[in-house]
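Data block for input.txt (compact mmCIF, C-alpha atoms):
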```
# COMPACT_ATOMS: atom_id res chain seq x y z
CA MET E 8 -29.00 -14.19 14.86
CA GLU E 9 -25.92 -16.03 16.08
CA GLU E 10 -23.11 -13.68 17.06
CA TYR E 11 -19.48 -14.32 16.25
CA SER E 12 -16.36 -12.78 17.68
CA ILE E 13 -12.66 -12.81 16.99
CA GLU E 14 -9.94 -12.74 19.61
CA LEU E 15 -6.68 -10.94 18.89
CA ASN E 16 -3.90 -12.25 21.10
CA TYR E 17 -1.66 -9.21 20.80
CA ASN E 18 -0.96 -6.09 22.79
CA LEU E 19 -3.56 -3.74 21.34
CA GLU E 20 -2.60 -0.61 23.27
CA VAL E 21 -0.76 2.35 21.74
CA ASP E 22 1.56 4.63 23.69
CA GLU E 23 0.69 8.06 22.24
CA ASN E 24 3.76 9.68 23.81
CA ASP E 25 5.99 7.11 22.13
CA VAL E 26 4.33 7.79 18.77
CA THR E 27 4.74 11.56 19.14
CA SER E 28 8.39 11.25 20.20
CA PHE E 29 9.32 8.78 17.46
CA VAL E 30 7.68 10.78 14.68
CA ALA E 31 9.37 13.97 15.86
CA LYS E 32 12.76 12.26 15.65
CA VAL E 33 12.03 10.98 12.14
CA LYS E 34 11.03 14.46 10.99
CA GLU E 35 14.32 15.79 12.33
CA GLU E 36 16.21 13.07 10.47
CA VAL E 37 14.53 13.48 7.07
CA PRO E 38 16.53 16.55 5.86
CA SER E 39 19.81 14.67 6.19
CA TYR E 40 18.55 12.19 3.55
CA SER E 41 16.97 14.73 1.18
CA ASN E 42 19.74 14.34 -1.40
CA ASN E 43 20.79 10.79 -0.63
CA LYS E 44 20.51 9.19 -4.06
CA GLN E 45 20.57 5.65 -2.70
CA VAL E 46 17.57 6.29 -0.45
CA LEU E 47 15.74 8.32 -3.09
CA THR E 48 16.24 5.53 -5.64
CA ALA E 49 15.03 2.91 -3.16
CA CYS E 50 11.88 4.97 -2.65
CA PHE E 51 11.38 5.25 -6.41
CA ASN E 52 11.75 1.48 -6.80
CA ALA E 53 9.06 1.00 -4.12
CA ILE E 54 6.40 2.99 -5.97
CA ASP E 55 3.08 1.52 -7.03
CA LEU E 56 2.54 3.97 -9.90
CA THR E 57 -1.13 4.72 -9.56
CA THR E 58 -3.93 6.17 -11.67
CA LEU E 59 -7.41 5.93 -10.17
CA ASN E 60 -9.43 8.59 -11.94
CA ALA E 61 -13.02 8.22 -13.10
CA THR E 62 -11.83 9.49 -16.48
CA ASP E 63 -9.24 6.72 -16.97
CA GLY E 64 -9.75 4.64 -20.09
CA PHE E 65 -8.00 1.84 -21.97
CA GLU E 66 -5.56 4.30 -23.57
CA ARG E 67 -4.58 5.64 -20.16
CA GLY E 68 -3.67 2.13 -19.05
CA GLU E 69 -1.64 1.54 -22.20
CA LEU E 70 0.15 4.88 -21.82
CA PHE E 71 1.09 4.18 -18.20
CA ALA E 72 2.50 0.78 -19.13
CA GLN E 73 4.40 2.13 -22.13
CA ARG E 74 6.03 4.87 -20.07
CA VAL E 75 7.18 2.24 -17.58
CA ASN E 76 8.47 0.07 -20.43
CA GLU E 77 10.58 2.93 -21.78
CA PHE E 78 11.80 4.28 -18.44
CA PRO E 79 15.03 2.20 -18.24
CA GLN E 80 16.12 3.49 -21.64
CA LYS E 81 15.84 7.10 -20.51
CA TYR E 82 17.09 6.57 -16.95
CA PRO E 83 19.26 3.42 -17.08
CA ASN E 84 20.66 3.74 -13.56
CA LEU E 85 17.42 4.06 -11.60
CA GLY E 86 15.75 0.68 -12.01
CA ASN E 87 11.97 0.95 -12.27
CA VAL E 88 8.81 1.29 -10.24
CA ALA E 89 7.48 -1.77 -8.39
CA ALA E 90 4.02 -1.92 -9.93
CA ILE E 91 1.34 -0.13 -11.91
CA CYS E 92 -1.93 0.15 -9.95
CA VAL E 93 -5.22 0.72 -11.80
CA TYR E 94 -8.93 0.01 -11.66
CA PRO E 95 -9.97 -3.54 -12.65
CA ALA E 96 -11.26 -2.46 -16.06
CA LEU E 97 -7.79 -1.17 -16.99
CA VAL E 98 -5.93 -4.33 -16.00
CA PRO E 99 -6.10 -5.86 -19.53
CA ALA E 100 -4.65 -2.67 -21.06
CA VAL E 101 -1.72 -2.68 -18.65
CA ARG E 102 -1.16 -6.44 -18.87
CA GLU E 103 -1.14 -6.47 -22.67
CA THR E 104 1.25 -3.51 -22.91
CA LEU E 105 3.60 -4.00 -19.97
CA GLU E 106 6.96 -5.47 -20.92
CA ALA E 107 9.18 -4.00 -18.19
CA GLU E 108 10.94 -6.71 -16.22
CA GLY E 109 10.05 -7.01 -12.55
CA VAL E 110 7.08 -4.61 -12.63
CA SER E 111 3.80 -6.03 -11.32
CA VAL E 112 0.23 -5.26 -12.34
CA ALA E 113 -1.86 -4.24 -9.32
CA SER E 114 -5.60 -3.72 -9.28
CA VAL E 115 -7.82 -2.10 -6.71
CA ALA E 116 -10.78 -4.39 -6.17
CA ALA E 117 -13.61 -5.52 -3.91
CA GLY E 118 -15.75 -2.41 -4.17
CA PHE E 119 -12.88 0.08 -3.97
CA PRO E 120 -12.81 2.71 -2.55
CA SER E 121 -15.78 2.33 -0.18
CA SER E 122 -16.04 -1.48 0.09
CA GLN E 123 -19.80 -0.93 0.24
CA THR E 124 -21.04 -3.85 -1.81
CA PHE E 125 -21.95 -7.51 -1.35
CA ILE E 126 -19.25 -10.02 -0.43
CA ASP E 127 -20.06 -12.10 -3.51
CA ILE E 128 -19.40 -9.05 -5.70
CA LYS E 129 -16.14 -8.36 -3.85
CA LEU E 130 -14.94 -11.92 -4.37
CA SER E 131 -16.01 -11.93 -8.01
CA GLU E 132 -14.18 -8.68 -8.69
CA CYS E 133 -11.02 -10.05 -7.07
CA GLN E 134 -11.19 -13.21 -9.17
CA MET E 135 -11.95 -11.34 -12.40
CA ALA E 136 -9.09 -8.89 -11.86
CA MET E 137 -6.73 -11.82 -11.47
CA GLU E 138 -8.13 -13.56 -14.54
CA MET E 139 -7.49 -10.36 -16.51
CA GLY E 140 -3.84 -10.40 -15.44
CA ALA E 141 -3.47 -8.71 -12.05
CA ASP E 142 -0.56 -9.88 -9.90
CA GLU E 143 -1.66 -7.91 -6.84
CA LEU E 144 -4.99 -6.81 -5.37
CA ASP E 145 -5.55 -3.72 -3.21
CA VAL E 146 -8.76 -4.13 -1.18
CA VAL E 147 -10.43 -2.05 1.53
CA ILE E 148 -11.70 -3.22 4.90
CA SER E 149 -15.42 -2.85 5.58
CA LEU E 150 -15.21 0.38 7.56
CA GLY E 151 -18.90 0.37 8.42
CA SER E 152 -18.61 -3.04 10.05
CA TYR E 153 -15.42 -2.04 11.87
CA LEU E 154 -16.91 1.15 13.27
CA GLU E 155 -19.94 -0.78 14.50
CA GLY E 156 -17.62 -3.14 16.37
CA ASP E 157 -18.29 -6.12 14.08
CA LEU E 158 -14.67 -7.20 13.82
CA PHE E 159 -15.59 -10.74 12.84
CA SER E 160 -17.28 -9.57 9.63
CA VAL E 161 -14.22 -7.47 8.75
CA PHE E 162 -11.96 -10.45 9.37
CA SER E 163 -14.19 -12.93 7.56
CA GLU E 164 -14.50 -10.81 4.42
CA LEU E 165 -10.76 -10.21 4.23
CA GLN E 166 -10.04 -13.88 4.77
CA GLN E 167 -12.37 -14.80 1.91
CA MET E 168 -10.71 -12.26 -0.38
CA VAL E 169 -7.26 -13.62 0.42
CA GLU E 170 -8.54 -17.13 -0.27
CA ALA E 171 -10.07 -15.94 -3.55
CA ALA E 172 -6.62 -14.75 -4.58
CA ASP E 173 -5.51 -18.38 -4.10
CA GLU E 174 -1.88 -17.38 -3.43
CA ALA E 175 -1.57 -16.32 -7.07
CA ALA E 176 -1.85 -12.65 -6.14
CA HIS E 177 -0.58 -10.63 -3.22
CA VAL E 178 -3.41 -8.94 -1.33
CA LYS E 179 -2.79 -5.47 0.10
CA VAL E 180 -5.40 -4.56 2.69
CA ILE E 181 -6.28 -0.87 2.95
CA LEU E 182 -7.19 0.18 6.50
CA GLU E 183 -8.29 3.73 5.55
CA THR E 184 -6.51 4.94 8.65
CA GLY E 185 -7.86 8.49 8.37
CA ALA E 186 -11.37 7.19 9.00
CA LEU E 187 -10.43 5.18 12.08
CA PRO E 188 -11.18 6.90 15.39
CA SER E 189 -7.78 6.41 17.04
CA LEU E 190 -4.28 5.01 16.64
CA LYS E 191 -5.39 2.08 18.78
CA ASP E 192 -7.94 1.30 16.07
CA VAL E 193 -5.16 1.47 13.47
CA ARG E 194 -3.29 -1.15 15.50
CA ILE E 195 -6.35 -3.37 15.91
CA ALA E 196 -7.21 -3.13 12.20
CA SER E 197 -3.59 -3.99 11.34
CA PHE E 198 -3.75 -7.21 13.34
CA LEU E 199 -7.18 -8.08 11.91
CA ALA E 200 -5.85 -7.77 8.37
CA MET E 201 -2.70 -9.75 9.08
CA GLU E 202 -4.60 -12.50 10.88
CA ALA E 203 -6.87 -12.72 7.82
CA GLY E 204 -3.82 -13.37 5.65
CA ALA E 205 -2.95 -9.95 4.20
CA HIS E 206 0.38 -9.85 2.40
CA PHE E 207 0.59 -6.07 2.90
CA ILE E 208 -1.23 -3.58 5.07
CA LYS E 209 -1.82 -0.19 3.45
CA THR E 210 -2.86 3.13 4.92
CA SER E 211 -5.36 4.68 2.57
CA THR E 212 -7.34 4.72 -0.65
CA GLY E 213 -6.26 8.29 -1.35
CA LYS E 214 -9.95 9.18 -1.61
CA MET E 215 -10.32 10.39 1.99
CA GLU E 216 -8.52 12.87 4.25
CA PRO E 217 -6.34 12.48 6.14
CA ALA E 218 -4.60 9.86 4.03
CA ALA E 219 -1.19 8.41 4.99
CA THR E 220 0.46 9.87 8.09
CA LEU E 221 3.78 9.13 9.77
CA GLU E 222 1.91 8.34 12.99
CA ALA E 223 -0.33 5.72 11.37
CA VAL E 224 2.57 4.08 9.52
CA TYR E 225 4.62 3.91 12.72
CA VAL E 226 1.75 2.16 14.52
CA MET E 227 1.27 -0.21 11.59
CA CYS E 228 4.99 -1.07 11.47
CA LYS E 229 5.01 -1.76 15.20
CA ALA E 230 2.06 -4.13 14.69
CA ILE E 231 3.86 -5.86 11.81
CA LYS E 232 6.92 -6.30 14.01
CA GLU E 233 4.93 -7.91 16.84
CA TYR E 234 3.02 -10.09 14.38
CA HIS E 235 6.29 -11.27 12.81
CA GLU E 236 7.80 -12.01 16.22
CA GLN E 237 4.78 -14.15 17.15
CA THR E 238 4.15 -15.92 13.85
CA GLY E 239 7.38 -15.74 11.83
CA ARG E 240 5.43 -14.42 8.82
CA MET E 241 6.58 -11.20 7.15
CA VAL E 242 3.92 -8.71 6.08
CA GLY E 243 4.61 -5.69 3.90
CA ILE E 244 3.73 -2.04 4.51
CA LYS E 245 2.33 0.44 1.97
CA PRO E 246 1.86 4.12 2.81
CA ALA E 247 -0.49 5.59 0.20
CA GLY E 248 -2.43 8.78 -0.26
CA GLY E 249 -0.81 12.20 -0.14
CA VAL E 250 2.71 10.83 -0.65
CA VAL E 251 3.98 13.51 -3.02
CA THR E 252 7.41 14.92 -2.12
CA PRO E 253 10.75 13.16 -1.72
CA GLU E 254 10.63 14.17 1.94
CA ASP E 255 7.26 12.42 2.34
CA ALA E 256 8.76 9.22 0.94
CA ILE E 257 11.93 9.48 3.03
CA GLY E 258 9.91 9.81 6.22
CA TYR E 259 8.13 6.52 5.55
CA TYR E 260 11.37 4.87 4.45
CA LEU E 261 13.00 5.83 7.75
CA ILE E 262 10.11 4.50 9.83
CA VAL E 263 10.34 1.13 8.09
CA LYS E 264 14.12 1.12 8.47
CA HIS E 265 14.08 1.91 12.19
CA VAL E 266 11.12 -0.29 13.21
CA LEU E 267 11.35 -3.27 10.86
CA GLY E 268 14.91 -3.12 9.57
CA ASP E 269 16.64 -3.18 6.21
CA LYS E 270 15.12 -6.56 5.34
CA TRP E 271 11.81 -4.79 4.74
CA LEU E 272 13.31 -2.10 2.52
CA THR E 273 12.78 -3.88 -0.78
CA PRO E 274 9.76 -3.72 -3.11
CA GLU E 275 8.77 -7.18 -1.86
CA TRP E 276 7.86 -5.68 1.53
CA PHE E 277 7.79 -1.89 1.14
CA ARG E 278 5.64 0.04 -1.32
CA LEU E 279 4.59 3.65 -1.75
CA GLY E 280 1.26 4.32 -3.41
CA ALA E 281 1.60 7.50 -5.45
CA SER E 282 0.98 9.26 -8.74
CA ARG E 283 3.02 12.48 -8.54
CA LEU E 284 5.86 11.12 -6.39
CA ALA E 285 7.67 9.33 -9.24
CA ASN E 286 8.41 12.51 -11.21
CA ASN E 287 9.43 14.36 -8.05
CA LEU E 288 11.88 11.64 -6.99
CA VAL E 289 13.47 11.38 -10.44
CA ALA E 290 13.81 15.17 -10.53
CA ARG E 291 15.55 15.19 -7.17
CA ILE E 292 17.88 12.35 -8.15
CA THR E 293 18.82 13.83 -11.54
CA GLY E 294 18.74 17.49 -10.57
CA ALA E 295 16.55 18.34 -13.56
CA GLU E 296 12.86 19.09 -13.99
CA VAL E 297 10.98 15.89 -14.83
CA ASN E 298 7.48 15.37 -16.21
CA TYR E 299 7.91 11.83 -17.47
CA PHE E 300 4.97 9.96 -15.96
```

Using the file provided, produce a representation of the structure as C-alpha cells.
Amino acid sequence: MEEYSIELNYNLEVDENDVTSFVAKVKEEVPSYSNNKQVLTACFNAIDLTTLNATDGFERGELFAQRVNEFPQKYPNLGNVAAICVYPALVPAVRETLEAEGVSVASVAAGFPSSQTFIDIKLSECQMAMEMGADELDVVISLGSYLEGDLFSVFSELQQMVEAADEAAHVKVILETGALPSLKDVRIASFLAMEAGAHFIKTSTGKMEPAATLEAVYVMCKAIKEYHEQTGRMVGIKPAGGVVTPEDAIGYYLIVKHVLGDKWLTPEWFRLGASRLANNLVARITGAEVNYF
C-alpha cells in the first residue's frame, strides 16, 4: 500500500510551563469579571445551545427553536444565542420552527460522536444535514487514525468534509482534546484541522472526559494565532463540554481576549457549546433564578 504523509510547517512544540503560568493568571482574573454584565452577555451571545440526547425527538427540536424565538420578548436587552445545535434528524424541526434573527442551525454530523464510520457515510451525512437546513456542521476528527500516527487520513477526511459543505456551511472540527495524549497533540491536531479548511476548531463532543479545559483552549488559541499570522485566514474557537457556570465561560472568554484579541470575541469567531450554561448566565445577569431553556 502506498503511504502518504502531511507536513505541517509550524512550530509544533508546547511550552508546558507557559501553559501552566498563563492558565493560573486567567483563573486569578476570572472573579473580577463574575458580575460584569457586558462580558456575561457576550458569553451568552456566543452559545451554541445544544441538545444531544438519545431521547431527543422532533418535538424537542421544535421546543428548543420556539424558546429561542421567544427569548427576545422576555429578555429584550440580552440579544440571543448564536446557534441551536442538534443531531441531523432534528435539523428539519429546528429549521421549520426557528424564526429568531441571527441564530444559526448547527448539526453534529459525520458519525458524531465517535467518527467511526465510512468516509462516504460521513460525507453523505454532512450533505444531508445541509440539505435539511443546517448552516453549520460540527464534525469529529478520526481519533483512531490520529492515535495511530496516520495524520494524512485525518487531514484527508476533514478536507473532504469541508469540501462537501461547499462553503455553504461553516465546519467546526472537534479535536476531542481529552482523548489526545498531550498538549502537543492538541496543537498538532489544531493545525491539521485548520490546514484542512476548518472554519472553527472545537475542543470536545461532550461525550468524553475530560472535555474542555483552559489548558487545551489556550494551546488551540495559540495555534490559531500562528496560523493566522502565516496565512491571514481567521479561524474560530469553540470550547464545548463541561462549560456550565458563568466562571467557566469567563475563563474561555479571557483566553480568547488575551491570545487572539477582541476581534475574535464575536459569535462569528467565538462559540461556547453548552446546554446548562444559558440559564446560568441569564440568572447571573438578571439576578433572578432562571429555568428558561

Write out as a short mmCIF file (atom, residue, chain, number, x, y, z; two decimals) with C-alpha atoms, keeping the file's coordinate frame the residues lying within 9 Å of region 123-133 of chain E, counting only C-alpha atoms and excluding same-chain residues fewer than 4 positions away.
```cif
data_model
loop_
_atom_site.label_atom_id
_atom_site.label_comp_id
_atom_site.auth_asym_id
_atom_site.auth_seq_id
_atom_site.Cartn_x
_atom_site.Cartn_y
_atom_site.Cartn_z
CA PRO E 95 -9.97 -3.54 -12.65
CA SER E 114 -5.60 -3.72 -9.28
CA VAL E 115 -7.82 -2.10 -6.71
CA ALA E 116 -10.78 -4.39 -6.17
CA ALA E 117 -13.61 -5.52 -3.91
CA GLY E 118 -15.75 -2.41 -4.17
CA PHE E 119 -12.88 0.08 -3.97
CA MET E 137 -6.73 -11.82 -11.47
CA GLU E 138 -8.13 -13.56 -14.54
CA LEU E 144 -4.99 -6.81 -5.37
CA VAL E 146 -8.76 -4.13 -1.18
CA SER E 149 -15.42 -2.85 5.58
CA LEU E 150 -15.21 0.38 7.56
CA GLY E 151 -18.90 0.37 8.42
CA GLU E 164 -14.50 -10.81 4.42
CA GLN E 167 -12.37 -14.80 1.91
CA MET E 168 -10.71 -12.26 -0.38
CA ALA E 171 -10.07 -15.94 -3.55
CA ALA E 172 -6.62 -14.75 -4.58
#
```

Notebook entry, point to check: Can you list, as number ranges by chain, every protein, DNA or RNA residue that comes within 12 Å of Val250 (chain E) when you count only C-alpha atoms, leaving out same-chain residues fewer than 4 positions away?
Noted result: E: 50-51, 54-57, 210-213, 217-221, 245-246, 254-260, 278-285, 287-288

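Each of E:Trp271, E:Tyr40, E:Tyr299, E:Tyr234 was checked against Tyr17 (chain E) using only C-alpha atoms; the smallest atom-to-atom distance is that of E:Tyr234.
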
Next item on the list: Work out how far apart CA of Leu154 (chain E) and CA of Leu187 (chain E) are and give it in Å to one decimal.
Entry: 7.7 Å

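Of the listed residues E:Gly294, E:Pro120, E:Gly243, E:Gly140, the one whose atoms come nearest to Met215 (chain E) is E:Pro120, with distances taken using all atoms listed in the file.
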
Next item on the list: For each of E:Val289, E:Glu14, E:Ile181, E:Asp192, take the minimum atom-to-atom distance to Phe159 (chain E), counting only C-alpha atoms, then give the residue where this is smallest.
Entry: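 Checking each of E:Val289, E:Glu14, E:Ile181, E:Asp192 against Phe159 (chain E), counting only C-alpha atoms, the winner is E:Glu14.
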
Note to self: Using all atoms listed in the file, can you tell me which of E:Ala223, E:Leu199, E:Leu47, E:Val33 comes closest to Ala247 (chain E)?
What the structure shows: E:Ala223

Checklist line | Between CA of Val37 (chain E) and CA of Lys232 (chain E), distance in Å (one decimal) | finding: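 Computed distance, CA of Val37 (chain E) to CA of Lys232 (chain E), equals 22.3 Å.
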
Next item on the list: Please provide the set of residues having any atom within 9 Å of Ile231 (chain E), restricted to all atoms listed in the file, with same-chain residues fewer than 5 positions apart removed, written as a ChimeraX atom specification.
Entry: /E:197-198,201,208,226,236,241-244,267

Now that the selection is made, can you save its residues with C-alpha atoms as a PDB file, keeping the file's coordinate frame?
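That gives us result34.pdb:
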```
ATOM      1  CA  SER E 197      -3.590  -3.990  11.340  1.00  0.00           C
ATOM      2  CA  PHE E 198      -3.750  -7.210  13.340  1.00  0.00           C
ATOM      3  CA  MET E 201      -2.700  -9.750   9.080  1.00  0.00           C
ATOM      4  CA  ILE E 208      -1.230  -3.580   5.070  1.00  0.00           C
ATOM      5  CA  VAL E 226       1.750   2.160  14.520  1.00  0.00           C
ATOM      6  CA  GLU E 236       7.800 -12.010  16.220  1.00  0.00           C
ATOM      7  CA  MET E 241       6.580 -11.200   7.150  1.00  0.00           C
ATOM      8  CA  VAL E 242       3.920  -8.710   6.080  1.00  0.00           C
ATOM      9  CA  GLY E 243       4.610  -5.690   3.900  1.00  0.00           C
ATOM     10  CA  ILE E 244       3.730  -2.040   4.510  1.00  0.00           C
ATOM     11  CA  LEU E 267      11.350  -3.270  10.860  1.00  0.00           C
TER      12      LEU E 267
END
```

Next item on the list: Determine the nearest neighbour of Val21 (chain E) from the options E:Ser121, E:Phe300, E:Leu190, E:Glu216, counting all atoms listed in the file.
Entry: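 With all atoms listed in the file as the atom set, the closest residue is E:Leu190.
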
Next item on the list: Give the answer as one residue: which of E:Lys44, E:His206, E:Lys270, E:Arg194 has the shortest atom-to-atom distance to Val180 (chain E), using only C-alpha atoms?
Entry: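 Closest candidate: E:His206.
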
Item checked: Residues near Ile13 (chain E), cut-off 12 Å, all atoms listed in the file, skip fewer than 4 positions along chain, as a PyMOL selection string -> chain E and resi 156-163+195+198-199+202-203

Same residues, C-alpha atoms, saved as a PDB file, in the frame of the given file:
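Saved file result-v3.pdb follows:
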```pdb
ATOM      1  CA  GLY E 156     -17.620  -3.140  16.370  1.00  0.00           C
ATOM      2  CA  ASP E 157     -18.290  -6.120  14.080  1.00  0.00           C
ATOM      3  CA  LEU E 158     -14.670  -7.200  13.820  1.00  0.00           C
ATOM      4  CA  PHE E 159     -15.590 -10.740  12.840  1.00  0.00           C
ATOM      5  CA  SER E 160     -17.280  -9.570   9.630  1.00  0.00           C
ATOM      6  CA  VAL E 161     -14.220  -7.470   8.750  1.00  0.00           C
ATOM      7  CA  PHE E 162     -11.960 -10.450   9.370  1.00  0.00           C
ATOM      8  CA  SER E 163     -14.190 -12.930   7.560  1.00  0.00           C
ATOM      9  CA  ILE E 195      -6.350  -3.370  15.910  1.00  0.00           C
ATOM     10  CA  PHE E 198      -3.750  -7.210  13.340  1.00  0.00           C
ATOM     11  CA  LEU E 199      -7.180  -8.080  11.910  1.00  0.00           C
ATOM     12  CA  GLU E 202      -4.600 -12.500  10.880  1.00  0.00           C
ATOM     13  CA  ALA E 203      -6.870 -12.720   7.820  1.00  0.00           C
TER      14      ALA E 203
END
```

Note to self: Report, in Å with one decimal, the straight-line distance from CA of Asn52 (chain E) to CA of Thr238 (chain E).
What the structure shows: 28.1 Å

Enclose the full set of atoms of region 148-154 of chain E listed in the file within a box whose edges lie along x, y and z, apply 3 Å of padding to each of the six sides, and report centre and edge lengths in Å to one decimal as lines of an AutoDock Vina configuration file.
```
center_x = -15.3
center_y = -1.0
center_z = 9.1
size_x = 13.2
size_y = 10.4
size_z = 14.4
```
